[in-house]
Amino acid sequence: MTGPSTAWDPAQYTRFEDERSQPFFELAALIERRPGMRVVDLGCGTGALTAWLHRELQAAETLGLDASDSMLAQASAHAGDGLRFEAGDVRTWAPDRPVDLLCSNAALQWVDEHEALWPRLASMVAPGGQLAIQMPMNDDHASHVEARALAREEPFRTALDGFERRFPTLAPERYASLLYALGFERPHVRVQVYGHVLPETRSVVEWVKGSLLTPYRERLDAETYALFLERYTQRLVDRLGEHAPFFYPFKRVLMWGRLAS
């Protein structure tokens, strides 16, 4: 991942690998194929999807960037034949020269101030190059609302020093306007709801343990985090009910644009 947190657990994150991968492949379908491109993937995670994209696009060179050492340790197994990985933070990193494709899958929601970030991203794209981004946009679901509400209660509020994870995503139409203002032709922005059928209501906790709850885990000691999980699970069950299976609707925003030549 590219954001401030580096305490990612690859095994937990990939527990629902098929479900998490589906939006990536739909994002990739928006990309115009041009063999020989120079590609950068911001927030490459374990590198498996970056490797697939490198092969799919027949890219000349692909760089996967991530801030998590544990993710990069797994990504290194995919390196070779023009594909490489390195540590970096999107808030400060920049390529040595603009690239043909800058993409990011489920990572930039961890980086704040998107109004300032998008111009930075645009500056990394060569004339005629492409930008392709996918981010979760599910902050209004009970899975996210209840985590924030619990973080405001004791003993968690004191232990977290007032922290609660609220994602900085903008309205979809704002991203479309930003892309157009930054010179991207025919900007494509859409919100899509993915329906994930999980074994039971409590499986939502396992889902968000690999993403949303990571910054809570890294800020709490083991005993307090265990209590947080216990109360969070009960709040979700009380609000959503006990269901097996459980249908988990998850909104995401996908966007693509080609920079004018």
# chains A, B, ... in the order shown; residues from 1 in each chain; ligands from 1

call {"tool": "select_by_dssp", "arguments": {"residues": "segment 43-234 of chain A", "states": "strand (DSSP E or B)", "output": "PyMOL selection string"}}
result
chain A and resi 61-66+80+83-87+99-105+125-136+184-198

call {"tool": "select_by_dssp", "arguments": {"residues": "segment 24-202 of chain A", "states": "helix (DSSP H, G or I)", "output": "MDAnalysis selection string"}}
result
chainID A and resid 24:28 48:57 69:78 108:110 114:123 142:151 156:159 172:181

call {"tool": "closest_atom_pairs", "arguments": {"of": "segment 32-89 of chain A", "to": "segment 108-122 of chain A", "cutoff": "12 Å", "atoms": "only C-alpha atoms", "output": "CSV"}}
result
residue,atom,partner,partner_atom,distance
A:Val40,CA,A:Leu121,CA,11.0
A:Asp41,CA,A:Leu108,CA,11.1
A:Leu42,CA,A:Leu108,CA,8.0
A:Gly43,CA,A:Leu108,CA,7.7
A:Cys44,CA,A:Leu108,CA,11.1
A:Asp66,CA,A:Leu108,CA,11.2
A:Ala67,CA,A:Trp110,CA,11.4
A:Asp89,CA,A:Val111,CA,9.4

call {"tool": "residues_around", "arguments": {"residues": "Gln130 of chain A", "least_positions_apart": "3", "cutoff": "6 Å", "atoms": "only C-alpha atoms", "output": "list in words"}}
result
Leu101, Gly257 and Arg258 of chain A

call {"tool": "write_last_selection", "arguments": {"atoms": "N, CA and C atoms", "output": "CSV table (one decimal), in the first residue's frame"}}
result
chain,number,residue,atom,x,y,z
A,101,LEU,N,1.5,4.8,-18.6
A,101,LEU,CA,0.3,4.4,-17.8
A,101,LEU,C,0.7,4.5,-16.3
A,257,GLY,N,-8.6,8.0,-17.8
A,257,GLY,CA,-8.4,9.1,-18.7
A,257,GLY,C,-7.2,9.0,-19.5
A,258,ARG,N,-7.2,9.6,-20.7
A,258,ARG,CA,-6.0,9.7,-21.6
A,258,ARG,C,-5.6,11.2,-21.7

call {"tool": "closest_residue", "arguments": {"among": "A:Val191, A:Leu227, A:Ala260, A:Ala142", "to": "Ala176 of chain A", "atoms": "only C-alpha atoms"}}
result
A:Val191

call {"tool": "atom_distance", "arguments": {"atom1": "atom CA of Leu27 of chain A", "atom2": "atom CA of Ser143 of chain A"}}
result
24.3 Å

call {"tool": "closest_residue", "arguments": {"among": "A:Phe156, A:Pro199, A:Arg148, A:Arg186", "to": "Asp221 of chain A", "atoms": "only C-alpha atoms"}}
result
A:Phe156

call {"tool": "decode", "arguments": {"residues": "segment 157-208 of chain A", "atoms": "C-alpha atoms", "output": "PDB file, in the first residue's frame"}}
result
ATOM      1  CA  ARG A 157     -10.837   6.911  22.071  1.00  0.00           C
ATOM      2  CA  THR A 158      -8.010   7.457  24.563  1.00  0.00           C
ATOM      3  CA  ALA A 159      -5.920   4.540  23.249  1.00  0.00           C
ATOM      4  CA  LEU A 160      -6.318   5.810  19.676  1.00  0.00           C
ATOM      5  CA  ASP A 161      -5.666   9.428  20.691  1.00  0.00           C
ATOM      6  CA  GLY A 162      -8.873  10.442  18.932  1.00  0.00           C
ATOM      7  CA  PHE A 163      -8.037   8.665  15.667  1.00  0.00           C
ATOM      8  CA  GLU A 164     -10.794   7.273  13.458  1.00  0.00           C
ATOM      9  CA  ARG A 165     -10.372   6.077   9.870  1.00  0.00           C
ATOM     10  CA  ARG A 166     -12.394   8.210   7.473  1.00  0.00           C
ATOM     11  CA  PHE A 167     -11.482   7.887   3.807  1.00  0.00           C
ATOM     12  CA  PRO A 168     -10.832  11.057   1.756  1.00  0.00           C
ATOM     13  CA  THR A 169     -12.582  10.011  -1.460  1.00  0.00           C
ATOM     14  CA  LEU A 170     -14.382  12.772  -3.348  1.00  0.00           C
ATOM     15  CA  ALA A 171     -17.710  12.683  -5.162  1.00  0.00           C
ATOM     16  CA  PRO A 172     -17.426  10.796  -8.489  1.00  0.00           C
ATOM     17  CA  GLU A 173     -18.378  13.880 -10.479  1.00  0.00           C
ATOM     18  CA  ARG A 174     -15.517  15.786  -8.826  1.00  0.00           C
ATOM     19  CA  TYR A 175     -13.002  13.219 -10.067  1.00  0.00           C
ATOM     20  CA  ALA A 176     -14.442  13.548 -13.582  1.00  0.00           C
ATOM     21  CA  SER A 177     -14.109  17.331 -13.388  1.00  0.00           C
ATOM     22  CA  LEU A 178     -10.561  17.089 -12.050  1.00  0.00           C
ATOM     23  CA  LEU A 179      -9.489  14.744 -14.835  1.00  0.00           C
ATOM     24  CA  TYR A 180     -10.954  17.035 -17.479  1.00  0.00           C
ATOM     25  CA  ALA A 181      -9.374  20.143 -15.941  1.00  0.00           C
ATOM     26  CA  LEU A 182      -6.011  18.362 -15.823  1.00  0.00           C
ATOM     27  CA  GLY A 183      -6.122  17.660 -19.556  1.00  0.00           C
ATOM     28  CA  PHE A 184      -7.442  14.104 -19.715  1.00  0.00           C
ATOM     29  CA  GLU A 185      -9.597  13.437 -22.754  1.00  0.00           C
ATOM     30  CA  ARG A 186     -12.887  11.557 -22.461  1.00  0.00           C
ATOM     31  CA  PRO A 187     -12.597  10.962 -18.696  1.00  0.00           C
ATOM     32  CA  HIS A 188     -14.466   7.838 -17.656  1.00  0.00           C
ATOM     33  CA  VAL A 189     -15.639   7.743 -14.028  1.00  0.00           C
ATOM     34  CA  ARG A 190     -18.184   5.326 -12.632  1.00  0.00           C
ATOM     35  CA  VAL A 191     -19.347   3.971  -9.293  1.00  0.00           C
ATOM     36  CA  GLN A 192     -19.984   0.248  -9.220  1.00  0.00           C
ATOM     37  CA  VAL A 193     -21.552  -1.827  -6.471  1.00  0.00           C
ATOM     38  CA  TYR A 194     -19.949  -5.250  -6.069  1.00  0.00           C
ATOM     39  CA  GLY A 195     -22.071  -7.820  -4.289  1.00  0.00           C
ATOM     40  CA  HIS A 196     -19.940 -10.146  -2.203  1.00  0.00           C
ATOM     41  CA  VAL A 197     -21.659 -13.246  -0.832  1.00  0.00           C
ATOM     42  CA  LEU A 198     -19.856 -14.046   2.414  1.00  0.00           C
ATOM     43  CA  PRO A 199     -20.366 -17.173   4.558  1.00  0.00           C
ATOM     44  CA  GLU A 200     -22.097 -15.218   7.346  1.00  0.00           C
ATOM     45  CA  THR A 201     -22.517 -11.729   8.811  1.00  0.00           C
ATOM     46  CA  ARG A 202     -19.427 -12.145  10.978  1.00  0.00           C
ATOM     47  CA  SER A 203     -17.349 -12.720   7.832  1.00  0.00           C
ATOM     48  CA  VAL A 204     -17.554  -8.957   7.241  1.00  0.00           C
ATOM     49  CA  VAL A 205     -15.147  -8.597  10.166  1.00  0.00           C
ATOM     50  CA  GLU A 206     -12.651 -10.897   8.458  1.00  0.00           C
ATOM     51  CA  TRP A 207     -13.013  -8.826   5.268  1.00  0.00           C
ATOM     52  CA  VAL A 208     -12.294  -5.483   6.922  1.00  0.00           C
TER      53      VAL A 208
END
